[in-house]
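Undergrad: For reference, the file start.csv (CSV, C-alpha atoms) is included below:
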```csv
chain,number,residue,atom,x,y,z
M,1,MET,CA,83.9,97.6,95.0
M,2,SER,CA,80.3,97.5,94.0
M,3,ALA,CA,79.2,99.6,91.1
M,4,SER,CA,76.9,101.6,93.4
M,5,SER,CA,79.6,103.0,95.6
M,6,LYS,CA,78.9,106.6,94.5
M,7,GLY,CA,79.5,109.1,97.2
M,8,GLN,CA,81.2,106.5,99.4
M,9,ASN,CA,84.8,107.0,98.3
M,10,ARG,CA,87.6,109.2,99.3
M,11,VAL,CA,90.0,110.4,96.7
M,12,VAL,CA,93.3,111.8,97.7
M,13,VAL,CA,95.9,113.3,95.3
M,14,TYR,CA,99.4,113.7,96.7
M,15,PRO,CA,100.7,117.0,95.3
M,16,ASP,CA,104.3,116.3,96.0
M,17,TRP,CA,104.2,113.3,93.7
M,18,CYS,CA,101.8,114.5,91.1
M,19,LYS,CA,103.4,116.0,88.0
M,20,GLY,CA,100.3,117.3,86.4
M,21,CYS,CA,100.3,115.1,83.4
M,22,GLY,CA,96.5,115.2,83.3
M,23,ILE,CA,95.8,111.6,82.6
M,24,CYS,CA,93.5,111.1,85.6
M,25,ILE,CA,91.7,114.4,84.8
M,26,ALA,CA,91.1,113.5,81.2
M,27,PHE,CA,89.9,110.0,81.7
M,28,CYS,CA,87.9,110.2,84.9
M,29,PRO,CA,84.4,109.2,83.8
M,30,LYS,CA,82.8,111.3,86.6
M,31,HIS,CA,85.0,114.4,86.4
M,32,VAL,CA,86.0,114.0,90.0
M,33,LEU,CA,89.4,115.6,89.3
M,34,ALA,CA,90.4,118.9,87.8
M,35,ALA,CA,93.6,120.8,87.2
M,36,GLY,CA,94.5,123.2,89.9
M,37,PRO,CA,96.3,126.5,89.4
M,38,ASP,CA,99.7,124.7,89.4
M,39,GLY,CA,98.4,122.3,86.8
M,40,LYS,CA,98.3,119.4,89.2
M,41,ALA,CA,95.3,117.3,89.7
M,42,ARG,CA,93.0,118.2,92.6
M,43,VAL,CA,89.8,116.6,93.8
M,44,VAL,CA,86.7,118.8,93.0
M,45,ALA,CA,83.8,116.4,93.1
M,46,GLU,CA,84.7,113.6,95.5
M,47,ASP,CA,81.0,112.6,96.0
M,48,ALA,CA,80.7,111.7,92.3
M,49,CYS,CA,83.5,109.1,92.5
M,50,VAL,CA,82.3,105.6,91.7
M,51,ASN,CA,85.6,103.9,92.4
M,52,CYS,CA,85.9,102.7,88.8
M,53,GLY,CA,89.5,101.9,89.3
M,54,PHE,CA,90.9,103.9,86.4
M,55,CYS,CA,93.0,106.6,88.0
M,56,GLU,CA,95.0,104.6,90.5
M,57,PRO,CA,96.7,102.1,88.2
M,58,HIS,CA,97.0,104.7,85.5
M,59,CYS,CA,98.7,107.3,87.6
M,60,PRO,CA,102.4,107.1,86.5
M,61,ASP,CA,103.5,108.6,89.7
M,62,PHE,CA,101.4,106.7,92.3
M,63,ALA,CA,100.0,110.0,93.4
M,64,ILE,CA,96.3,109.0,93.7
M,65,VAL,CA,94.6,106.9,96.3
M,66,VAL,CA,90.9,106.1,96.3
M,67,THR,CA,89.5,104.5,99.4
M,68,PRO,CA,86.0,103.4,100.2
M,69,ARG,CA,84.9,105.6,103.1
M,70,ALA,CA,82.7,103.2,105.0
M,71,ALA,CA,84.8,100.0,104.8
M,72,ASN,CA,88.0,101.5,106.1
M,73,GLY,CA,88.3,105.2,107.0
M,74,ARG,CA,92.0,105.5,106.6
M,75,ASN,CA,93.2,106.7,103.3
M,76,GLY,CA,94.8,103.4,102.5
M,77,ARG,CA,98.5,103.6,102.9
M,78,ALA,CA,100.7,100.8,103.9
M,79,ASN,CA,102.3,102.5,106.9
M,80,GLY,CA,98.9,103.7,108.1
M,81,ASN,CA,99.9,107.3,108.8
M,82,GLY,CA,97.1,108.7,106.8
M,83,ALA,CA,94.2,109.0,109.2
M,84,PRO,CA,90.7,109.9,108.4
M,85,ALA,CA,89.6,113.5,108.4
M,86,ALA,CA,87.4,114.2,111.3
M,87,GLY,CA,83.7,113.7,110.6
M,88,GLN,CA,84.1,112.3,107.1
M,89,ASP,CA,84.5,108.7,107.8
M,90,ALA,CA,82.6,105.9,109.4
M,91,PRO,CA,83.5,105.6,113.1
M,92,GLU,CA,84.9,102.1,112.7
M,93,SER,CA,88.6,102.7,112.4
M,94,PRO,CA,89.8,101.2,115.6
M,95,GLU,CA,93.2,100.3,114.4
M,96,GLN,CA,94.6,103.8,115.1
M,97,PRO,CA,92.5,105.6,117.6
M,98,GLN,CA,95.3,107.7,118.9
M,99,GLN,CA,96.4,109.0,115.5
M,100,PRO,CA,95.5,112.7,115.1
M,101,ALA,CA,93.2,113.3,112.2
M,102,PRO,CA,94.8,115.6,109.7
M,103,LYS,CA,92.6,118.4,108.5
M,104,GLU,CA,93.8,118.4,104.9
M,105,PRO,CA,95.0,115.0,103.8
M,106,ASP,CA,95.9,116.6,100.4
M,107,LYS,CA,98.8,118.3,102.0
M,108,GLU,CA,100.4,115.1,103.3
M,109,GLU,CA,103.6,114.0,102.0
M,110,HIS,CA,104.4,110.5,100.9
M,111,PRO,CA,106.7,108.5,103.1
T,1,MET,CA,91.1,100.4,94.8
T,2,ALA,CA,93.3,101.9,97.5
T,3,GLU,CA,95.2,98.6,97.7
T,4,VAL,CA,96.7,99.4,94.3
T,5,THR,CA,98.9,102.3,95.4
T,6,GLN,CA,99.3,100.8,98.9
T,7,LEU,CA,100.7,97.6,97.3
T,8,ILE,CA,103.2,99.5,95.2
T,9,HIS,CA,104.6,101.3,98.2
T,10,GLN,CA,105.4,98.0,99.7
T,11,TYR,CA,107.8,97.3,96.8
T,12,LEU,CA,109.4,100.8,96.4
T,13,ARG,CA,112.7,101.9,97.8
T,14,HIS,CA,111.6,105.0,99.6
T,15,ASN,CA,115.1,106.2,100.2
T,16,LYS,CA,115.4,106.9,96.4
T,17,LYS,CA,114.5,110.3,94.9
T,18,PHE,CA,110.8,110.7,94.5
T,19,PRO,CA,108.7,111.6,92.6
T,20,LEU,CA,109.9,109.3,89.8
T,21,VAL,CA,112.4,110.8,87.4
T,22,PHE,CA,110.2,110.2,84.4
T,23,CYS,CA,108.7,113.2,82.6
T,24,PRO,CA,105.0,114.1,83.2
T,25,GLY,CA,102.8,111.8,81.2
T,26,CYS,CA,105.5,109.1,80.7
T,27,GLY,CA,104.0,105.6,80.9
T,28,HIS,CA,107.1,104.0,82.5
T,29,GLY,CA,105.6,104.5,85.9
T,30,ILE,CA,102.5,102.6,84.9
T,31,VAL,CA,104.6,99.7,83.7
T,32,LEU,CA,106.5,99.8,87.0
T,33,GLY,CA,103.1,99.4,88.7
T,34,SER,CA,102.3,96.5,86.4
T,35,LEU,CA,105.6,94.9,87.2
T,36,VAL,CA,105.0,95.2,90.9
T,37,ARG,CA,101.5,93.8,90.7
T,38,GLY,CA,102.7,90.9,88.5
T,39,VAL,CA,105.3,90.0,91.1
T,40,HIS,CA,102.8,90.4,93.9
T,41,ALA,CA,100.3,88.2,92.2
T,42,LEU,CA,102.8,85.4,92.3
T,43,GLY,CA,103.3,85.8,96.0
T,44,LEU,CA,107.1,85.8,95.6
T,45,ASP,CA,109.5,87.0,98.2
T,46,LYS,CA,111.3,90.2,97.3
T,47,ASP,CA,114.7,88.4,97.7
T,48,ASP,CA,113.7,85.8,95.1
T,49,VAL,CA,113.2,88.3,92.3
T,50,VAL,CA,115.9,89.9,90.3
T,51,VAL,CA,115.3,92.9,88.1
T,52,VAL,CA,118.0,93.7,85.5
T,53,ALA,CA,117.6,96.9,83.6
T,54,GLY,CA,119.7,98.4,80.8
T,55,ILE,CA,120.4,102.0,80.0
T,56,GLY,CA,117.7,104.4,79.1
T,57,CYS,CA,114.7,105.8,80.8
T,58,SER,CA,113.5,102.3,81.5
T,59,GLY,CA,116.7,101.6,83.3
T,60,ARG,CA,115.6,103.8,86.1
T,61,ILE,CA,112.9,101.3,87.0
T,62,ALA,CA,115.5,99.0,88.6
T,63,ALA,CA,116.5,101.7,91.0
T,64,TYR,CA,113.0,102.1,92.4
T,65,VAL,CA,111.9,98.6,93.1
T,66,ASP,CA,113.0,96.8,96.3
T,67,PHE,CA,114.1,93.6,94.6
T,68,ASN,CA,117.6,92.4,93.8
T,69,THR,CA,118.4,94.8,91.1
T,70,VAL,CA,121.2,95.2,88.5
T,71,HIS,CA,121.6,98.3,86.4
T,72,ALA,CA,123.4,96.8,83.5
T,73,THR,CA,125.4,98.4,80.6
T,74,HIS,CA,123.6,99.5,77.5
T,75,GLY,CA,121.9,96.6,75.7
T,76,ARG,CA,123.4,93.9,78.0
T,77,ALA,CA,120.5,93.5,80.4
T,78,LEU,CA,119.6,90.1,78.9
T,79,THR,CA,123.2,88.8,79.0
T,80,ILE,CA,123.4,89.6,82.7
T,81,ALA,CA,119.9,88.2,83.3
T,82,THR,CA,121.0,85.0,81.4
T,83,GLY,CA,124.0,84.6,83.7
T,84,ILE,CA,121.9,85.1,86.8
T,85,LYS,CA,119.3,82.6,85.7
T,86,MET,CA,121.8,80.0,84.8
T,87,ALA,CA,123.7,80.4,88.1
T,88,ASN,CA,120.6,80.3,90.2
T,89,PRO,CA,117.5,78.9,88.4
T,90,GLU,CA,115.4,79.4,91.5
T,91,LEU,CA,115.3,83.1,91.0
T,92,THR,CA,112.6,84.9,89.0
T,93,VAL,CA,114.6,87.1,86.6
T,94,ILE,CA,113.1,90.0,84.9
T,95,ALA,CA,115.0,92.1,82.3
T,96,VAL,CA,113.5,95.6,81.9
T,97,MET,CA,114.7,97.2,78.7
T,98,GLY,CA,113.7,100.0,76.4
T,99,ASP,CA,113.2,99.6,72.7
T,100,GLY,CA,116.6,100.9,71.8
T,101,ASP,CA,118.2,98.8,74.5
T,102,ALA,CA,116.5,95.6,73.5
T,103,PHE,CA,116.4,95.9,69.8
T,104,SER,CA,119.2,98.1,68.7
T,105,ILE,CA,122.2,98.0,71.1
T,106,GLY,CA,121.2,94.6,72.5
T,107,GLY,CA,119.4,93.2,69.5
T,108,ASN,CA,121.7,90.3,69.0
T,109,HIS,CA,121.4,89.3,72.7
T,110,LEU,CA,117.6,89.4,72.4
T,111,ILE,CA,117.3,87.1,69.4
T,112,HIS,CA,119.7,84.7,71.0
T,113,ALA,CA,118.0,84.8,74.4
T,114,ALA,CA,114.8,84.0,72.5
T,115,ARG,CA,116.5,81.3,70.5
T,116,ARG,CA,117.9,79.5,73.5
T,117,ASN,CA,114.8,80.2,75.5
T,118,ILE,CA,116.5,81.2,78.7
T,119,GLY,CA,113.9,81.4,81.5
T,120,VAL,CA,113.9,85.2,81.7
T,121,THR,CA,111.0,87.5,81.5
T,122,ALA,CA,111.8,90.4,79.2
T,123,LEU,CA,109.8,93.6,79.7
T,124,VAL,CA,110.4,95.9,76.7
T,125,LEU,CA,109.1,99.4,77.2
T,126,ASN,CA,108.6,100.6,73.6
T,127,ASN,CA,108.3,104.4,73.4
T,128,PHE,CA,109.3,104.5,69.7
T,129,ILE,CA,112.4,106.7,70.4
T,130,TYR,CA,115.6,107.2,72.3
T,131,GLY,CA,114.1,109.3,75.0
T,132,MET,CA,116.9,109.8,77.5
T,133,THR,CA,119.6,110.7,75.0
T,134,GLY,CA,117.5,113.5,73.4
T,135,GLY,CA,115.1,112.0,70.9
T,136,GLN,CA,117.0,110.2,68.2
T,137,CYS,CA,115.1,107.8,66.1
T,138,SER,CA,115.3,104.2,67.1
T,139,SER,CA,114.7,100.9,65.3
T,140,THR,CA,111.1,101.1,66.4
T,141,THR,CA,110.4,104.6,65.3
T,142,PRO,CA,107.5,104.3,62.9
T,143,GLU,CA,108.1,105.1,59.3
T,144,GLY,CA,107.5,108.8,58.6
T,145,ALA,CA,107.7,109.8,62.2
T,146,TYR,CA,109.7,112.8,63.2
T,147,SER,CA,112.6,112.6,65.6
T,148,HIS,CA,115.7,114.8,66.1
T,149,THR,CA,117.7,112.6,63.8
T,150,SER,CA,114.9,112.2,61.2
T,151,PRO,CA,113.7,115.8,60.9
T,152,MET,CA,112.1,115.0,57.5
T,153,GLY,CA,110.4,111.9,58.8
T,154,GLN,CA,111.9,108.5,59.4
T,155,LEU,CA,112.9,106.8,56.2
T,156,GLU,CA,113.4,103.3,57.6
T,157,ALA,CA,110.8,100.8,58.4
T,158,ALA,CA,110.3,99.9,62.1
T,159,PHE,CA,110.9,96.6,63.7
T,160,ASP,CA,107.9,94.7,64.7
T,161,ILE,CA,109.0,93.5,68.1
T,162,VAL,CA,106.4,90.7,68.3
T,163,GLU,CA,107.2,89.2,64.9
T,164,LEU,CA,110.9,89.4,65.4
T,165,THR,CA,110.8,87.6,68.8
T,166,ARG,CA,108.3,85.1,67.5
T,167,ALA,CA,110.6,84.2,64.6
T,168,ALA,CA,113.6,83.9,67.0
T,169,GLY,CA,111.7,81.2,68.8
T,170,ALA,CA,110.6,82.7,72.1
T,171,ALA,CA,108.3,80.7,74.3
T,172,GLY,CA,105.9,83.6,74.9
T,173,VAL,CA,105.4,86.9,73.2
T,174,SER,CA,102.8,89.4,74.1
T,175,ARG,CA,102.1,93.1,73.7
T,176,GLY,CA,100.2,95.5,75.9
T,177,THR,CA,99.8,99.2,76.3
T,178,VAL,CA,99.9,101.4,79.3
T,179,PHE,CA,96.4,102.6,78.6
T,180,HIS,CA,95.1,99.0,78.9
T,181,VAL,CA,96.8,98.6,82.2
T,182,LYS,CA,94.7,95.7,83.5
T,183,ALA,CA,95.4,93.7,80.4
T,184,LEU,CA,99.1,94.6,80.8
T,185,ASP,CA,99.0,93.4,84.4
T,186,GLY,CA,97.7,90.0,83.2
T,187,LEU,CA,100.3,89.8,80.5
T,188,VAL,CA,103.1,90.5,82.9
T,189,ALA,CA,101.8,88.0,85.5
T,190,ASP,CA,101.3,85.4,82.8
T,191,ALA,CA,104.8,85.9,81.4
T,192,LEU,CA,106.3,85.6,84.9
T,193,THR,CA,104.8,82.2,85.5
T,194,ARG,CA,105.6,80.6,82.1
T,195,PRO,CA,108.7,78.6,81.4
T,196,GLY,CA,111.2,79.7,78.8
T,197,PHE,CA,111.9,83.1,77.4
T,198,ASN,CA,108.8,85.4,77.6
T,199,LEU,CA,108.7,88.8,76.2
T,200,VAL,CA,106.1,91.5,77.0
T,201,GLU,CA,106.2,94.6,74.9
T,202,ALA,CA,104.6,97.5,76.6
T,203,LEU,CA,103.7,100.5,74.4
T,204,THR,CA,104.3,103.6,76.5
T,205,PRO,CA,104.1,107.1,75.3
T,206,CYS,CA,107.0,109.5,75.4
T,207,PHE,CA,105.5,112.9,75.0
T,208,THR,CA,108.7,114.9,75.7
T,209,GLN,CA,110.7,113.4,72.9
T,210,TYR,CA,108.3,111.7,70.5
T,211,GLY,CA,104.8,113.2,71.0
T,212,ARG,CA,105.8,116.9,70.7
T,213,GLY,CA,107.3,116.4,67.3
T,214,ASN,CA,104.6,114.2,66.0
T,215,GLY,CA,101.5,116.3,66.4
T,216,PHE,CA,100.4,115.4,69.9
T,217,LYS,CA,99.4,118.4,72.0
T,218,ASN,CA,99.9,116.7,75.3
T,219,ALA,CA,100.5,113.4,77.0
T,220,VAL,CA,96.8,112.8,77.3
T,221,GLU,CA,96.5,112.8,73.5
T,222,MET,CA,99.0,110.0,73.3
T,223,PHE,CA,97.0,108.0,75.7
T,224,LYS,CA,93.9,108.6,73.6
T,225,TRP,CA,95.9,107.5,70.6
T,226,LEU,CA,96.8,104.3,72.3
T,227,LYS,CA,93.2,103.8,73.3
T,228,GLU,CA,92.0,104.2,69.7
T,229,ARG,CA,94.8,102.3,67.9
T,230,ALA,CA,95.2,99.3,70.1
T,231,VAL,CA,92.9,96.4,69.4
T,232,PRO,CA,92.7,93.0,71.1
T,233,LEU,CA,94.3,90.4,68.9
T,234,GLU,CA,91.0,88.5,68.3
T,235,ALA,CA,89.2,91.6,67.1
T,236,TYR,CA,92.2,92.7,65.1
T,237,GLU,CA,92.2,89.5,63.0
T,238,LYS,CA,88.5,90.2,62.1
T,239,LEU,CA,89.2,93.8,61.1
T,240,GLU,CA,89.0,94.6,57.4
T,241,ASP,CA,91.1,97.7,57.6
T,242,LYS,CA,94.1,96.9,59.7
T,243,SER,CA,96.1,100.0,58.8
T,244,GLY,CA,97.2,102.0,61.8
T,245,ARG,CA,95.8,99.5,64.2
T,246,ILE,CA,98.0,97.8,66.8
T,247,PRO,CA,97.1,94.3,67.9
T,248,ILE,CA,97.5,93.7,71.6
T,249,GLY,CA,97.4,90.5,73.6
T,250,THR,CA,99.3,87.2,73.7
T,251,PHE,CA,100.8,86.2,70.3
T,252,VAL,CA,102.9,83.2,71.2
T,253,ARG,CA,102.5,80.7,73.9
T,254,ARG,CA,104.6,77.7,73.5
T,255,ASP,CA,105.5,75.1,76.2
T,256,VAL,CA,109.2,75.0,75.8
T,257,PRO,CA,111.4,74.2,78.8
T,258,GLY,CA,113.8,76.9,79.7
T,259,LEU,CA,117.5,76.6,79.0
T,260,GLU,CA,118.2,76.3,82.7
T,261,ALA,CA,115.8,73.3,83.0
T,262,ARG,CA,117.5,71.6,80.0
T,263,TYR,CA,120.9,72.3,81.5
T,264,ALA,CA,119.8,70.8,84.8
T,265,ALA,CA,118.5,67.7,83.0
T,266,MET,CA,121.8,67.3,81.1
T,267,ARG,CA,123.8,67.7,84.3
T,268,GLU,CA,121.6,65.0,85.9
T,269,LYS,CA,122.2,62.7,83.0
T,270,LEU,CA,125.9,63.2,83.1
T,271,ARG,CA,125.9,62.5,86.8
T,272,GLU,CA,124.1,59.2,86.1
T,273,MET,CA,126.5,58.3,83.3
T,274,LYS,CA,129.5,59.0,85.6
T,275,GLY,CA,127.9,57.1,88.4
T,276,GLY,CA,127.2,54.1,86.2
T,277,ALA,CA,130.8,54.0,84.9
T,278,ALA,CA,132.4,54.2,88.3
```
Starting from the file, give its structure as structure tokens.

TA:
Amino acid sequence: MSASSKGQNRVVVYPDWCKGCGICIAFCPKHVLAAGPDGKARVVAEDACVNCGFCEPHCPDFAIVVTPRAANGRNGRANGNGAPAAGQDAPESPEQPQQPAPKEPDKEEHP
Amino acid sequence: MAEVTQLIHQYLRHNKKFPLVFCPGCGHGIVLGSLVRGVHALGLDKDDVVVVAGIGCSGRIAAYVDFNTVHATHGRALTIATGIKMANPELTVIAVMGDGDAFSIGGNHLIHAARRNIGVTALVLNNFIYGMTGGQCSSTTPEGAYSHTSPMGQLEAAFDIVELTRAAGAAGVSRGTVFHVKALDGLVADALTRPGFNLVEALTPCFTQYGRGNGFKNAVEMFKWLKERAVPLEAYEKLEDKSGRIPIGTFVRRDVPGLEARYAAMREKLREMKGGAA
């Protein structure tokens, strides 16, 4: 989690769990998130994310996951069923080579 | 930071109804996260942790976490937690209560739990109002604040939870806010490791019932309000104008053995006396 991790993070908002309270949008220092048409948070500038660590513990609904792209391509869930989107992650994710990569991780549902 | 959310999922009961029942912008989910991180920091087994919750919005927290949980009657979370701790002192017992639960309906239980220093961690989620029942003023509603039962502003003064618990003799008293969540994590983890009765007051905004009537446009404004008003205790003491500011941090930290430890010592002493006599 170095301070210079800009552009190396993947931000995922789970729309099924997000209630659109806007806390993450209001306090994100790099304006990575914005409200979508349904009022829920969506990622608009993922490359600007510096992994400051605000949004994840402040999300009351556990709907945001920020993962360093290079260190571990998966989007950081305990059961591991979130695989990296093709071409976005570093090749080293040997844990789950057979897992198909979802095209839109935003559409995933929580377990 | 991905481990934050990942960690919480290890402790949730996923067969419950998700997303959480709390209103958008409610801070209870953040406190739930702090509770999970506090327990995880101790490296405790899930089966060695008991969460007792009372009635109210905060009572729902017990349903979501995969520990031993009790959803107690209104105001009686601490009594049940006391019984559990006395029966099995090995367990880590956490009582999750709202402000009404802890200080109005269960007020007497709270001061006596603090007086006898039962080794329970009390997590009081203070949202200044009775949220679940429709926005009636509670004993912590600030003076002058609007609620459905104080439409012209609350006439009564509010309880200072920290001062009350300190006066009752608790071993540890601290206050955090859901905006300062890393500090809150530390306070919860610290309270869980300390002996005796430890209370953590978490200020959490209730936009639906409290914020809308008191000039907040949205939940984010309530978080900004917390950010502006809450001051660390050391800085608060140096402030010249303390009006409207809320000190946060650890207020009381006493090394008092818990009631269960004193009870075990007494039992041991009686055994020795009996053994000597026989």

Undergrad: Residues of chain M no more than 6 Å from chain T, counting all atoms listed in the file: send them over as a PyMOL selection string.

TA: chain M and resi 17+19+21+23+53+58+60-62+65-67+76-78

Undergrad: Quick one: pull the distance between atom CA of Ala63 of chain M and atom CA of Tyr14 of chain M, Å, one decimal.

TA: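 So the answer is 5.0 Å.
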
Undergrad: Can you tell me how far atom CA of Val51 of chain T sits from atom CA of Val36 of chain T, in Å to one decimal?

TA: 10.9 Å

Undergrad: Have a look at T:Arg166, T:Arg175, T:Lys46, T:Arg13 and name the one nearest to Pro247 of chain T; count only C-alpha atoms.

TA: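 With only C-alpha atoms as the atom set, the closest residue is T:Arg175.
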
Undergrad: As a PyMOL selection string, please: the residues near Val32 of chain M (cut-off 7 Å, only C-alpha atoms, same-chain neighbours under 6 positions excluded).

TA: chain M and resi 43-46+48-49

Undergrad: Any idea what the distance is between atom CA of Val65 of chain T and atom CA of Phe103 of chain T?

TA: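 According to the coordinates, atom CA of Val65 of chain T and atom CA of Phe103 of chain T are separated by 23.9 Å.
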
Undergrad: Near Gly98 of chain T, counting all atoms listed in the file, which residues have an atom at most 8 Å away, once you skip same-chain residues fewer than 5 positions from it, shown as a compact mmCIF listing (two decimals) with C-alpha atoms, keeping the file's coordinate frame?

TA:
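Just written: around.txt:
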```txt
# COMPACT_ATOMS: atom_id res chain seq x y z
CA GLY T 54 119.70 98.40 80.80
CA ILE T 55 120.40 102.00 80.00
CA GLY T 56 117.70 104.40 79.10
CA CYS T 57 114.70 105.80 80.80
CA SER T 58 113.50 102.30 81.50
CA GLY T 59 116.70 101.60 83.30
CA VAL T 124 110.40 95.90 76.70
CA LEU T 125 109.10 99.40 77.20
CA ASN T 126 108.60 100.60 73.60
CA ASN T 127 108.30 104.40 73.40
```

Undergrad: Which one is closest to Ser104 of chain T: T:Ala170, T:Ala158, T:Val52, T:Met266? Count only C-alpha atoms.

TA: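 Among the listed residues, the smallest separation from Ser104 of chain T belongs to T:Ala158.
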
Undergrad: Pull the neighbourhood of (119.4, 89.6, 87.6) for me: all residues within 6 Å in file coordinates, counting only C-alpha atoms, as a PyMOL selection string.

TA: chain T and resi 50-52+70+81+84+93

Undergrad: Write out as a PyMOL selection string each polymer residue whose atoms come within 7 Å of Gly20 of chain M, counting all atoms listed in the file; drop sequence neighbours fewer than 5 positions from it.

TA: (chain M and resi 39-41) or (chain T and resi 24)

Undergrad: Counting only C-alpha atoms, figure out which residue out of T:Asn214, T:Thr79, T:Ser138, T:Gln209 gets nearest to His112 of chain T.

TA: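 Of T:Asn214, T:Thr79, T:Ser138, T:Gln209, the one nearest His112 of chain T is T:Thr79, counting only C-alpha atoms.
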
Undergrad: List as JSON, numbers by chain the protein and nucleic acid residues near segment 155-157 of chain T, meaning an atom at most 9 Å away when all atoms listed in the file are counted, but skip any in the same chain fewer than 5 places from it.

TA: {"T": [139, 140, 141, 142, 143, 144, 145, 150]}

Undergrad: May I have the residues within 9 Å of segment 195-205 of chain T as an MDAnalysis selection string, using all atoms listed in the file and disregarding those fewer than 3 positions away in the same chain?

TA: chainID T and resid 25:28 30:31 99 113:128 161:162 165 169:179 184 187:188 191:192 210:211 219 222:223 226 250 252:261

Undergrad: Could you add N, CA and C atoms to segment 28-40 of chain M and give me the result as a PDB file, keeping the file's coordinate frame?

TA:
```pdb
ATOM      1  N   CYS M  28      88.846 110.489  83.820  1.00  0.00           N
ATOM      2  CA  CYS M  28      87.900 110.200  84.900  1.00  0.00           C
ATOM      3  C   CYS M  28      86.482 110.286  84.366  1.00  0.00           C
ATOM      4  N   PRO M  29      85.720 109.208  84.456  1.00  0.00           N
ATOM      5  CA  PRO M  29      84.400 109.200  83.800  1.00  0.00           C
ATOM      6  C   PRO M  29      83.408 110.130  84.569  1.00  0.00           C
ATOM      7  N   LYS M  30      83.691 110.461  85.815  1.00  0.00           N
ATOM      8  CA  LYS M  30      82.800 111.300  86.600  1.00  0.00           C
ATOM      9  C   LYS M  30      83.281 112.672  86.872  1.00  0.00           C
ATOM     10  N   HIS M  31      84.389 113.042  86.261  1.00  0.00           N
ATOM     11  CA  HIS M  31      85.000 114.400  86.400  1.00  0.00           C
ATOM     12  C   HIS M  31      85.195 114.746  87.882  1.00  0.00           C
ATOM     13  N   VAL M  32      85.748 113.796  88.584  1.00  0.00           N
ATOM     14  CA  VAL M  32      86.000 114.000  90.000  1.00  0.00           C
ATOM     15  C   VAL M  32      87.244 114.949  90.151  1.00  0.00           C
ATOM     16  N   LEU M  33      88.147 114.872  89.185  1.00  0.00           N
ATOM     17  CA  LEU M  33      89.400 115.600  89.300  1.00  0.00           C
ATOM     18  C   LEU M  33      89.453 116.747  88.298  1.00  0.00           C
ATOM     19  N   ALA M  34      90.158 117.793  88.662  1.00  0.00           N
ATOM     20  CA  ALA M  34      90.400 118.900  87.800  1.00  0.00           C
ATOM     21  C   ALA M  34      91.753 119.474  88.027  1.00  0.00           C
ATOM     22  N   ALA M  35      92.262 120.222  87.063  1.00  0.00           N
ATOM     23  CA  ALA M  35      93.600 120.800  87.200  1.00  0.00           C
ATOM     24  C   ALA M  35      93.531 122.006  88.136  1.00  0.00           C
ATOM     25  N   GLY M  36      94.440 122.066  89.074  1.00  0.00           N
ATOM     26  CA  GLY M  36      94.500 123.200  89.900  1.00  0.00           C
ATOM     27  C   GLY M  36      95.332 124.330  89.286  1.00  0.00           C
ATOM     28  N   PRO M  37      95.557 125.432  89.980  1.00  0.00           N
ATOM     29  CA  PRO M  37      96.300 126.500  89.400  1.00  0.00           C
ATOM     30  C   PRO M  37      97.753 126.133  89.025  1.00  0.00           C
ATOM     31  N   ASP M  38      98.304 125.150  89.729  1.00  0.00           N
ATOM     32  CA  ASP M  38      99.700 124.700  89.400  1.00  0.00           C
ATOM     33  C   ASP M  38      99.667 123.602  88.353  1.00  0.00           C
ATOM     34  N   GLY M  39      98.502 123.279  87.808  1.00  0.00           N
ATOM     35  CA  GLY M  39      98.400 122.300  86.800  1.00  0.00           C
ATOM     36  C   GLY M  39      98.295 120.858  87.316  1.00  0.00           C
ATOM     37  N   LYS M  40      98.441 120.707  88.610  1.00  0.00           N
ATOM     38  CA  LYS M  40      98.300 119.400  89.200  1.00  0.00           C
ATOM     39  C   LYS M  40      96.875 119.023  89.450  1.00  0.00           C
TER      40      LYS M  40
END
```
